[in-house]
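Dropping protein_32.cif in here (mmCIF, C-alpha atoms):
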```
data_data
#
loop_
_atom_site.label_atom_id
_atom_site.label_comp_id
_atom_site.auth_asym_id
_atom_site.auth_seq_id
_atom_site.Cartn_x
_atom_site.Cartn_y
_atom_site.Cartn_z
CA MET A 1 -7.84 31.45 -12.56
CA LYS A 2 -7.86 32.67 -9.02
CA ASN A 3 -4.69 33.49 -7.10
CA TRP A 4 -4.82 30.50 -4.76
CA LYS A 5 -4.90 28.12 -7.74
CA VAL A 6 -1.92 29.84 -9.33
CA VAL A 7 0.06 29.58 -6.09
CA LEU A 8 -0.91 25.91 -5.73
CA ILE A 9 0.20 25.02 -9.26
CA LEU A 10 3.41 27.06 -9.14
CA GLY A 11 4.28 25.58 -5.75
CA PHE A 12 3.82 22.08 -7.12
CA ALA A 13 6.00 22.90 -10.15
CA VAL A 14 8.87 24.03 -7.88
CA TYR A 15 8.43 20.93 -5.73
CA ALA A 16 8.45 18.67 -8.82
CA ALA A 17 11.71 20.22 -10.02
CA ALA A 18 13.32 19.61 -6.61
CA VAL A 19 12.17 15.97 -6.59
CA GLY A 20 13.52 15.38 -10.09
CA PHE A 21 16.86 16.96 -9.18
CA TYR A 22 17.25 14.92 -5.97
CA PHE A 23 16.39 11.51 -7.39
CA GLY A 24 17.73 12.11 -10.89
CA ARG A 25 21.28 13.04 -9.90
CA GLY A 26 23.98 11.88 -7.52
CA ASP A 27 25.01 8.58 -5.97
CA ILE A 28 22.17 7.82 -3.55
CA TYR A 29 22.68 4.03 -3.51
CA SER A 30 26.28 3.78 -2.33
CA LEU A 31 27.26 0.91 -0.02
CA PRO A 32 28.78 1.43 3.44
CA SER A 33 32.56 1.59 3.39
CA GLY A 34 34.28 -1.77 3.63
CA SER A 35 31.35 -3.65 2.07
CA ALA A 36 32.94 -4.31 -1.32
CA GLY A 37 33.22 -8.02 -2.06
CA THR A 38 31.03 -9.06 0.89
CA SER A 39 27.65 -10.78 0.73
CA ILE A 40 25.86 -7.40 0.73
CA ASP A 41 27.78 -6.15 -2.30
CA PRO A 42 25.40 -6.51 -5.27
CA HIS A 43 28.40 -7.10 -7.57
CA THR A 44 28.75 -10.54 -5.95
CA PHE A 45 25.26 -11.70 -6.95
CA MET A 46 23.98 -9.30 -9.64
CA SER A 47 25.39 -8.35 -13.03
CA GLU A 48 26.41 -4.79 -13.82
CA GLY A 49 23.34 -4.50 -16.04
CA GLU A 50 21.01 -5.67 -13.25
CA ILE A 51 22.56 -3.22 -10.78
CA GLY A 52 22.17 -0.34 -13.23
CA ARG A 53 18.58 -1.24 -14.09
CA ALA A 54 17.70 -1.62 -10.40
CA GLU A 55 18.97 1.86 -9.58
CA VAL A 56 17.29 3.51 -12.58
CA LEU A 57 14.00 1.74 -11.84
CA SER A 58 14.20 2.83 -8.19
CA ARG A 59 14.83 6.44 -9.24
CA ILE A 60 11.82 6.38 -11.57
CA ARG A 61 9.55 4.80 -8.96
CA SER A 62 10.69 7.34 -6.38
CA ILE A 63 10.08 10.33 -8.64
CA VAL A 64 6.63 9.02 -9.59
CA TYR A 65 5.67 8.41 -5.95
CA PHE A 66 6.83 11.80 -4.72
CA LEU A 67 5.04 13.52 -7.60
CA GLN A 68 1.88 11.42 -7.75
CA THR A 69 0.99 11.63 -4.04
CA PRO A 70 1.03 15.46 -3.69
CA LEU A 71 -0.45 15.82 -7.20
CA GLN A 72 -3.40 13.74 -6.10
CA LEU A 73 -3.74 16.02 -3.07
CA VAL A 74 -3.73 19.11 -5.31
CA LEU A 75 -6.25 17.54 -7.69
CA LEU A 76 -8.63 16.71 -4.84
CA ILE A 77 -8.65 20.34 -3.75
CA LEU A 78 -9.16 21.55 -7.33
CA LEU A 79 -12.00 19.03 -7.83
CA VAL A 80 -14.20 20.50 -5.10
CA GLY A 81 -15.89 22.66 -7.73
CA THR A 82 -16.41 19.63 -9.97
CA ALA A 83 -17.93 17.71 -7.05
CA ILE A 84 -20.37 20.57 -6.41
CA ARG A 85 -21.46 20.49 -10.07
CA PHE A 86 -21.92 16.71 -9.89
CA ARG A 87 -24.05 17.12 -6.76
CA ASP A 88 -26.30 19.74 -8.40
CA ARG A 89 -26.72 17.67 -11.57
CA ILE A 90 -27.48 14.42 -9.73
CA GLU A 91 -30.05 16.10 -7.48
CA GLY A 92 -31.96 16.89 -10.68
CA TRP A 93 -31.88 13.24 -11.72
CA THR A 94 -33.28 11.53 -8.62
CA ARG A 95 -34.62 12.22 -5.14
CA ARG A 96 -33.50 8.88 -3.73
CA TYR A 97 -30.75 9.58 -1.24
CA LEU A 98 -28.90 6.27 -1.59
CA LEU A 99 -28.96 6.41 -5.38
CA ARG A 100 -27.82 10.04 -5.38
CA THR A 101 -24.89 9.24 -3.12
CA GLY A 102 -23.87 6.17 -5.11
CA LEU A 103 -24.00 8.06 -8.42
CA PHE A 104 -22.05 10.97 -6.99
CA VAL A 105 -19.27 8.76 -5.61
CA PHE A 106 -19.01 6.80 -8.86
CA LEU A 107 -18.72 9.91 -11.05
CA PHE A 108 -16.21 11.54 -8.73
CA LEU A 109 -13.99 8.44 -8.43
CA LEU A 110 -14.17 7.93 -12.19
CA VAL A 111 -12.80 11.43 -12.76
CA VAL A 112 -9.98 10.85 -10.25
CA TYR A 113 -9.12 7.49 -11.85
CA VAL A 114 -9.01 9.00 -15.34
CA LEU A 115 -6.81 11.89 -14.21
CA MET A 116 -4.35 9.61 -12.38
CA LEU A 117 -4.36 6.89 -15.06
CA PRO A 118 -1.38 8.34 -16.99
CA PHE A 119 0.87 7.79 -13.95
CA ASP A 120 -0.26 4.17 -13.64
CA TYR A 121 0.11 3.53 -17.36
CA PHE A 122 3.57 5.11 -17.37
CA MET A 123 4.67 2.77 -14.57
CA LEU A 124 3.16 -0.20 -16.42
CA ARG A 125 5.31 0.62 -19.45
CA VAL A 126 8.39 1.20 -17.30
CA GLU A 127 8.06 -2.06 -15.36
CA ARG A 128 7.40 -4.02 -18.55
CA HIS A 129 10.46 -2.39 -20.14
CA TYR A 130 12.66 -3.40 -17.20
CA GLY A 131 11.27 -6.93 -17.13
CA VAL A 132 9.69 -6.94 -13.66
CA SER A 133 6.12 -6.96 -15.00
CA ASN A 134 4.41 -9.36 -17.40
CA VAL A 135 0.91 -7.98 -17.06
CA SER A 136 -0.94 -7.41 -20.34
CA LEU A 137 -2.76 -4.17 -21.10
CA GLY A 138 -6.09 -6.01 -21.01
CA THR A 139 -5.42 -7.51 -17.58
CA TRP A 140 -4.18 -4.15 -16.34
CA LEU A 141 -7.40 -2.44 -17.46
CA VAL A 142 -9.57 -5.17 -15.91
CA ASP A 143 -7.66 -4.81 -12.62
CA HIS A 144 -8.28 -1.07 -12.64
CA ALA A 145 -11.99 -1.67 -13.30
CA LYS A 146 -12.10 -4.06 -10.34
CA ASN A 147 -10.24 -1.53 -8.17
CA LEU A 148 -12.74 1.15 -9.17
CA GLY A 149 -15.68 -1.12 -8.35
CA ILE A 150 -14.32 -2.07 -4.92
CA GLU A 151 -13.39 1.53 -4.12
CA TRP A 152 -16.82 2.72 -5.26
CA LEU A 153 -18.61 0.30 -2.92
CA THR A 154 -16.37 0.99 0.07
CA THR A 155 -16.28 4.78 -0.42
CA THR A 156 -20.05 4.95 -0.84
CA PHE A 157 -20.53 2.93 2.34
CA VAL A 158 -18.08 5.04 4.35
CA LEU A 159 -19.50 8.33 3.01
CA LEU A 160 -23.05 7.28 3.91
CA LEU A 161 -21.84 6.29 7.37
CA VAL A 162 -19.95 9.57 7.86
CA LEU A 163 -22.91 11.70 6.76
CA ALA A 164 -25.28 9.73 9.01
CA LEU A 165 -22.95 10.11 11.99
CA MET A 166 -22.56 13.84 11.30
CA LYS A 167 -26.34 14.18 11.37
CA ARG A 168 -26.72 12.20 14.58
CA SER A 169 -23.72 13.65 16.41
CA PRO A 170 -22.34 16.82 14.77
CA ARG A 171 -19.50 17.22 17.29
CA LYS A 172 -18.55 13.57 18.00
CA TRP A 173 -19.11 11.96 14.61
CA TRP A 174 -15.39 11.31 14.24
CA LEU A 175 -15.34 9.33 17.50
CA TRP A 176 -18.25 7.15 16.39
CA LEU A 177 -16.56 6.60 13.04
CA TRP A 178 -13.41 5.50 14.83
CA ALA A 179 -15.43 3.04 16.93
CA PHE A 180 -17.06 1.57 13.81
CA SER A 181 -13.66 1.15 12.16
CA VAL A 182 -12.56 -1.50 14.71
CA PRO A 183 -15.01 -4.30 13.72
CA LEU A 184 -14.84 -3.18 10.08
CA LEU A 185 -11.06 -3.60 10.00
CA LEU A 186 -11.25 -7.09 11.54
CA PHE A 187 -13.98 -8.05 9.09
CA LEU A 188 -11.86 -6.98 6.13
CA GLN A 189 -8.88 -8.95 7.46
CA PHE A 190 -11.13 -12.02 7.75
CA ILE A 191 -12.63 -11.88 4.24
CA GLN A 192 -9.53 -10.71 2.35
CA PRO A 193 -8.05 -14.17 1.55
CA VAL A 194 -11.32 -15.77 0.45
CA ILE A 195 -13.20 -12.92 -1.27
CA ILE A 196 -10.92 -10.03 -2.25
CA GLU A 197 -7.65 -11.73 -3.27
CA PRO A 198 -9.30 -14.33 -5.60
CA LEU A 199 -10.79 -11.45 -7.61
CA TYR A 200 -7.33 -10.78 -9.02
CA ASN A 201 -5.48 -14.10 -9.11
CA GLU A 202 -6.03 -17.85 -9.18
CA PHE A 203 -5.13 -19.76 -6.03
CA ALA A 204 -4.54 -23.50 -5.98
CA PRO A 205 -3.29 -25.89 -3.28
CA LEU A 206 0.46 -26.47 -3.49
CA ARG A 207 1.16 -29.89 -4.94
CA ALA A 208 1.93 -32.57 -2.40
CA GLY A 209 5.57 -33.15 -1.59
CA GLU A 210 8.31 -32.63 0.96
CA LEU A 211 8.15 -28.82 0.68
CA LYS A 212 4.44 -28.74 1.42
CA LYS A 213 4.91 -31.08 4.38
CA GLU A 214 7.64 -28.87 5.83
CA LEU A 215 5.63 -25.68 5.28
CA LEU A 216 2.59 -27.13 7.05
CA HIS A 217 4.87 -28.21 9.90
CA LEU A 218 6.19 -24.62 10.15
CA ALA A 219 2.62 -23.32 10.09
CA SER A 220 1.66 -25.66 12.92
CA GLN A 221 4.63 -24.49 15.00
CA ALA A 222 3.60 -20.88 14.35
CA GLY A 223 0.03 -21.59 15.51
CA ILE A 224 -1.50 -21.00 12.08
CA ALA A 225 -4.77 -22.87 11.67
CA ALA A 226 -4.06 -23.75 8.03
CA ASP A 227 -4.73 -27.18 6.57
CA ASP A 228 -3.19 -26.33 3.19
CA VAL A 229 -0.58 -24.18 1.46
CA TYR A 230 -1.60 -22.17 -1.59
CA GLU A 231 0.24 -21.27 -4.77
CA VAL A 232 -0.82 -18.16 -6.71
CA ASN A 233 -0.13 -17.70 -10.43
CA MET A 234 1.74 -14.41 -10.19
CA SER A 235 4.08 -15.32 -13.07
CA GLU A 236 1.29 -14.18 -15.41
CA ARG A 237 1.77 -10.68 -14.01
CA THR A 238 5.32 -10.33 -12.73
CA ASN A 239 8.82 -11.81 -12.49
CA GLN A 240 9.21 -10.58 -8.92
CA LEU A 241 9.26 -12.89 -5.90
CA ASN A 242 7.04 -12.84 -2.82
CA ALA A 243 5.13 -14.91 -0.29
CA TYR A 244 2.76 -14.06 2.55
CA VAL A 245 0.34 -15.21 5.23
CA SER A 246 -3.02 -13.41 5.09
CA GLY A 247 -6.29 -13.50 6.95
CA ILE A 248 -7.10 -14.24 10.56
CA GLY A 249 -8.66 -17.15 12.41
CA SER A 250 -10.05 -19.95 10.27
CA ASN A 251 -9.47 -17.92 7.09
CA ALA A 252 -5.69 -17.70 7.54
CA ARG A 253 -3.83 -18.69 4.36
CA VAL A 254 -0.20 -19.53 3.66
CA VAL A 255 0.50 -18.32 0.09
CA LEU A 256 3.55 -18.58 -2.17
CA TRP A 257 3.95 -16.86 -5.51
CA ASP A 258 4.76 -19.40 -8.23
CA THR A 259 7.77 -17.23 -9.15
CA LEU A 260 9.23 -17.94 -5.70
CA LEU A 261 8.83 -21.68 -6.26
CA GLN A 262 10.57 -21.38 -9.62
CA LYS A 263 13.61 -19.38 -8.49
CA MET A 264 14.36 -20.44 -4.90
CA ASP A 265 15.40 -23.76 -3.44
CA THR A 266 13.67 -25.48 -0.52
CA ARG A 267 15.94 -24.04 2.18
CA GLU A 268 15.44 -20.48 0.92
CA ILE A 269 11.67 -20.91 0.64
CA LEU A 270 11.50 -22.22 4.20
CA VAL A 271 13.35 -19.13 5.50
CA VAL A 272 11.08 -16.77 3.56
CA MET A 273 7.93 -18.55 4.75
CA ALA A 274 9.17 -18.79 8.34
CA HIS A 275 9.56 -15.00 8.19
CA GLU A 276 5.97 -14.60 6.95
CA MET A 277 4.68 -16.98 9.59
CA GLY A 278 6.59 -14.99 12.18
CA HIS A 279 4.26 -12.08 11.47
CA TYR A 280 1.31 -14.32 12.28
CA ALA A 281 2.90 -15.99 15.33
CA GLU A 282 3.81 -12.63 16.87
CA ARG A 283 0.36 -11.20 16.08
CA HIS A 284 1.76 -8.44 13.91
CA VAL A 285 -1.59 -8.09 12.15
CA PHE A 286 -3.15 -7.12 15.48
CA TRP A 287 -0.19 -4.98 16.56
CA GLY A 288 -0.25 -3.17 13.23
CA SER A 289 -4.02 -2.79 13.38
CA GLY A 290 -3.75 -1.54 16.96
CA LEU A 291 -1.18 1.08 15.99
CA GLY A 292 -3.38 2.04 13.05
CA LEU A 293 -6.35 2.50 15.35
CA VAL A 294 -4.34 4.64 17.77
CA MET A 295 -3.09 6.84 14.94
CA SER A 296 -6.51 6.95 13.28
CA PHE A 297 -8.00 8.23 16.56
CA GLY A 298 -5.74 11.26 16.39
CA LEU A 299 -6.10 11.62 12.63
CA LEU A 300 -9.90 11.52 12.75
CA TRP A 301 -10.02 14.01 15.61
CA GLY A 302 -7.59 16.39 13.92
CA GLY A 303 -9.06 15.78 10.47
CA SER A 304 -12.59 16.52 11.65
CA ARG A 305 -11.47 19.85 13.08
CA ILE A 306 -9.55 20.78 9.92
CA TYR A 307 -12.52 19.77 7.75
CA GLU A 308 -15.00 21.86 9.71
CA ILE A 309 -12.69 24.91 9.60
CA ALA A 310 -12.02 24.41 5.87
CA VAL A 311 -15.73 24.14 5.05
CA ARG A 312 -16.59 27.19 7.15
CA ASN A 313 -13.79 29.45 5.96
CA TRP A 314 -13.21 28.21 2.41
CA GLY A 315 -15.79 25.68 1.23
CA ARG A 316 -19.00 27.66 1.77
CA ALA A 317 -17.75 30.48 -0.45
CA ARG A 318 -17.29 27.92 -3.23
CA GLY A 319 -20.68 26.27 -2.92
CA LEU A 320 -20.46 23.70 -0.13
CA ARG A 321 -23.61 23.75 1.99
CA GLY A 322 -21.87 22.60 5.15
CA PRO A 323 -19.95 19.65 6.61
CA ARG A 324 -22.78 17.22 5.74
CA ASP A 325 -22.69 18.06 2.03
CA MET A 326 -21.62 15.00 0.02
CA ALA A 327 -19.79 17.38 -2.34
CA GLY A 328 -17.27 17.82 0.50
CA LEU A 329 -15.90 14.33 -0.30
CA PRO A 330 -12.81 15.58 -2.20
CA LEU A 331 -12.00 17.96 0.65
CA LEU A 332 -12.35 15.11 3.16
CA LEU A 333 -10.14 12.86 1.04
CA ALA A 334 -7.54 15.62 0.66
CA ILE A 335 -7.33 16.08 4.42
CA VAL A 336 -7.09 12.30 4.98
CA THR A 337 -4.35 12.07 2.32
CA LEU A 338 -2.36 14.92 3.86
CA LEU A 339 -2.57 13.59 7.43
CA THR A 340 -1.83 10.02 6.35
CA LEU A 341 1.25 11.23 4.49
CA ALA A 342 2.37 13.07 7.64
CA VAL A 343 2.32 9.90 9.78
CA THR A 344 3.72 7.59 7.10
CA PRO A 345 7.28 7.71 8.55
CA ILE A 346 5.91 6.56 11.92
CA ASP A 347 3.93 3.76 10.32
CA ASN A 348 6.96 2.64 8.30
CA ALA A 349 9.22 2.68 11.36
CA ALA A 350 6.79 0.38 13.19
CA SER A 351 6.57 -1.87 10.13
CA ARG A 352 10.37 -2.15 9.91
CA LEU A 353 10.50 -3.17 13.55
CA MET A 354 7.98 -5.96 12.93
CA GLU A 355 9.88 -7.06 9.81
CA THR A 356 13.08 -7.26 11.86
CA ARG A 357 11.33 -9.38 14.48
CA ALA A 358 9.96 -11.65 11.75
CA ASP A 359 13.50 -12.13 10.40
CA SER A 360 14.60 -13.10 13.91
CA TYR A 361 11.66 -15.52 14.17
CA ALA A 362 12.68 -17.11 10.86
CA MET A 363 16.14 -17.80 12.26
CA LYS A 364 14.67 -19.33 15.44
CA MET A 365 12.49 -21.58 13.28
CA THR A 366 15.05 -22.64 10.67
CA GLY A 367 18.48 -21.69 12.04
CA ASP A 368 19.62 -21.29 8.42
CA GLY A 369 21.32 -17.91 8.10
CA GLN A 370 23.10 -18.82 4.87
CA ALA A 371 19.77 -19.62 3.19
CA GLY A 372 18.52 -16.24 4.39
CA VAL A 373 21.50 -14.52 2.74
CA SER A 374 21.02 -16.30 -0.60
CA ALA A 375 17.22 -15.83 -0.49
CA PHE A 376 17.50 -12.05 -0.19
CA GLN A 377 20.23 -11.90 -2.79
CA LYS A 378 17.83 -13.62 -5.19
CA LEU A 379 15.01 -11.28 -4.12
CA ALA A 380 17.17 -8.26 -4.91
CA ALA A 381 18.13 -9.62 -8.33
CA ALA A 382 14.63 -10.78 -9.35
CA ASN A 383 12.83 -7.69 -8.02
CA LEU A 384 15.51 -5.29 -9.31
CA SER A 385 15.83 -3.76 -5.85
CA PRO A 386 18.87 -1.68 -4.86
CA VAL A 387 20.60 -3.09 -1.80
CA THR A 388 20.61 0.29 -0.05
CA GLN A 389 18.10 3.15 -0.06
CA PRO A 390 18.47 6.86 0.78
CA ALA A 391 16.96 7.93 4.10
CA LEU A 392 14.16 9.90 2.43
CA LEU A 393 12.91 6.76 0.69
CA GLN A 394 13.08 4.74 3.90
CA TRP A 395 11.00 7.34 5.71
CA PHE A 396 8.17 7.34 3.19
CA LEU A 397 8.44 4.00 1.35
CA GLY A 398 10.59 1.86 3.64
CA SER A 399 8.10 -0.54 5.19
CA HIS A 400 10.96 -3.11 5.33
CA PRO A 401 14.60 -2.83 6.37
CA THR A 402 16.95 -2.40 3.43
CA ILE A 403 18.21 -5.56 1.73
CA GLU A 404 21.70 -4.63 2.93
CA GLU A 405 20.50 -4.68 6.56
CA ARG A 406 18.71 -8.00 6.13
CA ILE A 407 21.56 -9.78 4.35
CA ARG A 408 23.95 -8.46 7.00
CA TYR A 409 21.71 -9.84 9.79
CA PHE A 410 21.41 -13.29 8.22
CA GLY A 411 25.16 -13.39 7.51
CA GLU A 412 26.02 -12.51 11.10
CA PHE A 413 23.59 -15.18 12.33
CA ALA A 414 25.26 -17.78 10.10
CA ALA A 415 28.74 -16.74 11.28
CA GLN A 416 27.75 -16.96 14.95
CA LYS A 417 26.21 -20.38 14.43
CA ALA A 418 29.38 -21.62 12.70
CA ARG A 419 31.58 -20.71 15.68
#
```
As C-alpha cells, please, write out the structure in this file.
Amino acid sequence: MKNWKVVLILGFAVYAAAVGFYFGRGDIYSLPSGSAGTSIDPHTFMSEGEIGRAEVLSRIRSIVYFLQTPLQLVLLILLVGTAIRFRDRIEGWTRRYLLRTGLFVFLFLLVVYVLMLPFDYFMLRVERHYGVSNVSLGTWLVDHAKNLGIEWLTTTFVLLLVLALMKRSPRKWWLWLWAFSVPLLLFLQFIQPVIIEPLYNEFAPLRAGELKKELLHLASQAGIAADDVYEVNMSERTNQLNAYVSGIGSNARVVLWDTLLQKMDTREILVVMAHEMGHYAERHVFWGSGLGLVMSFGLLWGGSRIYEIAVRNWGRARGLRGPRDMAGLPLLLAIVTLLTLAVTPIDNAASRLMETRADSYAMKMTGDGQAGVSAFQKLAAANLSPVTQPALLQWFLGSHPTIEERIRYFGEFAAQKAR
C-alpha cells in the first residue's frame, strides 16, 4: 500500500475517534437556563424514556453522518483504480459509446452501493429498534434498488453531458453545464410529485370532510393551484410525522403523511400545513433553487479547476487518460462531495431562514400559536427528536430551526395574541 493511502486511512481513523468522543460523551442537549417546566422543556410532553431514546438516537445518527460522509469521500478516491479497471474491461466488451458509458456507471455505482450498504442497514436496525421505522427488509431492499436505478439513469445522463461539453469546450464546459442545470432543475421539480414520489409510496386523495375543505381553502389563499389534498401511506414505513407541498405549477401537490392525520388534531394539522404552504406562497422553491444555482456556479468553476489539476498531477500517473476519461467519475464525485460539504453550513443557514419565515406565515394564516406549540411537541415525541441540538449539528444537519426555537416562537405568538 502506498504512503498516501496509509496517510488517508490513518487520518480517517483519528477523525473517527474524535467524532465518537464528541458525540458519545457529555451533555450536548442541555436546555437554556430557566427553561425547566416551560413548554420547551421535553419533560412536560415526553416521558423520561422518550427523552433518553431521542438523545441516544440523535447521537447515533450524528456519529453515522459524520463518519459516512467523509468515508464516502475517501472511498471515491480509493476507487479511481477500480474505475480504471472497469473502463479497460468494458472497452473490450463493446465499441458502442453509450453502452460503454452506461455499463461503466452501473458497475461503479453498484460497487459504491455495496460498500456503503452496511451503514444504511445499521441505521435501519437502529431506527427499527427505537420504533421510528416500520419498514421491512424487503421494502428497504426494493427502495435501494429503485434508488440505484434512478441514480444510474441520472448519473449516466450527466456524465455523458459533461464529457460532451468537455469535448466541445475544454475550458468552459463547467459554464455550459451550469446553464443546462437551470432547466433541468425546474423539470425535476415539475415531475417529482407525479413520477418520482409515486415510485416509493401510494398517494390517495384525502377523504372528504371539514379538514379537507379547510386545507383547500388554505391552499387557495396561498396561491397553490391544487384541486385536491393527498394522503400518503407512510405508516407502512415509519411512525414519524410530516407533511409537505411539492412540485411547481399545475403539478403542485399538498401532501399529508397518514401518521400526521392519526396523531394530530385539526388545529395542529392546519398550522403544520399552513407552514408548508408558506414555503410555496413565498416562492421558497425558487429562492432555494436560485441560491443553489449561485453556489453551483462557484462550485462548478472551482471544481473544474481542482479536477483538471488533480487529473494532471495525480490521475495520469494512475492511469487516467485525461479530463475526458469516464474513469475520472469517482474523482469528479469526490470533488463535488467535498465542495458540497464545505458549503453545507451556508445552505442550512438559508434553509433555516426560510423555515422561520414559513412559521411566521403559518401564524398569519391561522393565528393559532397554541396549536403550533402542541404540534411541535407532538413532532418531537413521535420523531424522537431532541428539543435542542449542538451547534456542530445545526451547521451541517440543521436545515430547520431547533424544536426549542420553534416552540418558543409559537408560545410567544400565543402570549402576545392573548394580551
Practice task
Please write the residues picked by the PyMOL selection byres ((chain A and resi 7-9) around 12) on this file as an NGL selection string.
Solution key: :A and (1-6 or 10-16 or 70-71 or 73-75 or 77-78)
Residues of region 46-156 of chain A at most 9 Å from region 224-243 of chain A: nearest atom pair and distance in Å, all atoms listed in the file, as a tab-separated table:
```
residue	atom	partner	partner_atom	distance
A:Arg128	CA	A:Thr238	CA	8.8
A:Gly131	CA	A:Asn239	CA	7.2
A:Val132	CA	A:Asn239	CA	5.1
A:Ser133	CA	A:Thr238	CA	4.1
A:Asn134	CA	A:Arg237	CA	4.5
A:Val135	CA	A:Arg237	CA	4.2
A:Ser136	CA	A:Arg237	CA	7.6
A:Thr139	CA	A:Arg237	CA	8.6
```
Practice task
Apply the PyMOL selection byres ((chain A and resi 266) around 12) to the file shown and report the selected residues as a ChimeraX atom specification.
Solution key: /A:209-215,260-265,267-274,366,368,371-372,374-375
Generate the output file for the selected residues, C-alpha atoms, as a PDB file, in the coordinates of the input.
```
ATOM      1  CA  GLY A 209       5.570 -33.150  -1.590  1.00  0.00           C
ATOM      2  CA  GLU A 210       8.310 -32.630   0.960  1.00  0.00           C
ATOM      3  CA  LEU A 211       8.150 -28.820   0.680  1.00  0.00           C
ATOM      4  CA  LYS A 212       4.440 -28.740   1.420  1.00  0.00           C
ATOM      5  CA  LYS A 213       4.910 -31.080   4.380  1.00  0.00           C
ATOM      6  CA  GLU A 214       7.640 -28.870   5.830  1.00  0.00           C
ATOM      7  CA  LEU A 215       5.630 -25.680   5.280  1.00  0.00           C
ATOM      8  CA  LEU A 260       9.230 -17.940  -5.700  1.00  0.00           C
ATOM      9  CA  LEU A 261       8.830 -21.680  -6.260  1.00  0.00           C
ATOM     10  CA  GLN A 262      10.570 -21.380  -9.620  1.00  0.00           C
ATOM     11  CA  LYS A 263      13.610 -19.380  -8.490  1.00  0.00           C
ATOM     12  CA  MET A 264      14.360 -20.440  -4.900  1.00  0.00           C
ATOM     13  CA  ASP A 265      15.400 -23.760  -3.440  1.00  0.00           C
ATOM     14  CA  ARG A 267      15.940 -24.040   2.180  1.00  0.00           C
ATOM     15  CA  GLU A 268      15.440 -20.480   0.920  1.00  0.00           C
ATOM     16  CA  ILE A 269      11.670 -20.910   0.640  1.00  0.00           C
ATOM     17  CA  LEU A 270      11.500 -22.220   4.200  1.00  0.00           C
ATOM     18  CA  VAL A 271      13.350 -19.130   5.500  1.00  0.00           C
ATOM     19  CA  VAL A 272      11.080 -16.770   3.560  1.00  0.00           C
ATOM     20  CA  MET A 273       7.930 -18.550   4.750  1.00  0.00           C
ATOM     21  CA  ALA A 274       9.170 -18.790   8.340  1.00  0.00           C
ATOM     22  CA  THR A 366      15.050 -22.640  10.670  1.00  0.00           C
ATOM     23  CA  ASP A 368      19.620 -21.290   8.420  1.00  0.00           C
ATOM     24  CA  ALA A 371      19.770 -19.620   3.190  1.00  0.00           C
ATOM     25  CA  GLY A 372      18.520 -16.240   4.390  1.00  0.00           C
ATOM     26  CA  SER A 374      21.020 -16.300  -0.600  1.00  0.00           C
ATOM     27  CA  ALA A 375      17.220 -15.830  -0.490  1.00  0.00           C
TER      28      ALA A 375
END
```
Exercise for the section: Would you work out the distance separating CA of Ala362 (chain A) from CA of Val285 (chain A), expressed in Å to one decimal? Expected result: 16.9 Å
Completion exercise
If you count all atoms listed in the file, the residue of A:Ala381, A:Ala350, A:Leu109, A:Ala164 closest to Ser47 (chain A) turns out to be A:Ala381
Practice task
Identify, on the basis of all atoms listed in the file, every residue whose closest approach to Phe286 (chain A) does not exceed 12 Å; exclude the query and any residue fewer than 6 positions from it along the same chain; express the result as number ranges by chain.
Solution key: A: 182, 185-186, 189, 247-249, 279-280, 292-293, 354
Practice task
Starting from the displayed file, determine the output of the PyMOL selection byres ((chain A and resi 383-399) around 7) and express the residue list as a PyMOL selection string.
Solution key: chain A and resi 28-29+31+42+50+53-55+132+240-241+344-345+348+351-352+379-382+400-404
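Going from CA of Ile40 (chain A) to CA of Ala418 (chain A) covers 18.9 Å.
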Problem - Coordinates-based distance that separates CA of Leu79 (chain A) from CA of Leu338 (chain A) (Å, one decimal) - result: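 Separation of CA of Leu338 (chain A) and CA of Leu79 (chain A): 15.7 Å.
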Practice task
Go through A:Trp93, A:Phe410, A:Phe187, A:Phe376 and flag the residue nearest Ser360 (chain A), using all atoms listed in the file for the distances.
Solution key: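 The closest residue to Ser360 (chain A) is A:Phe410.
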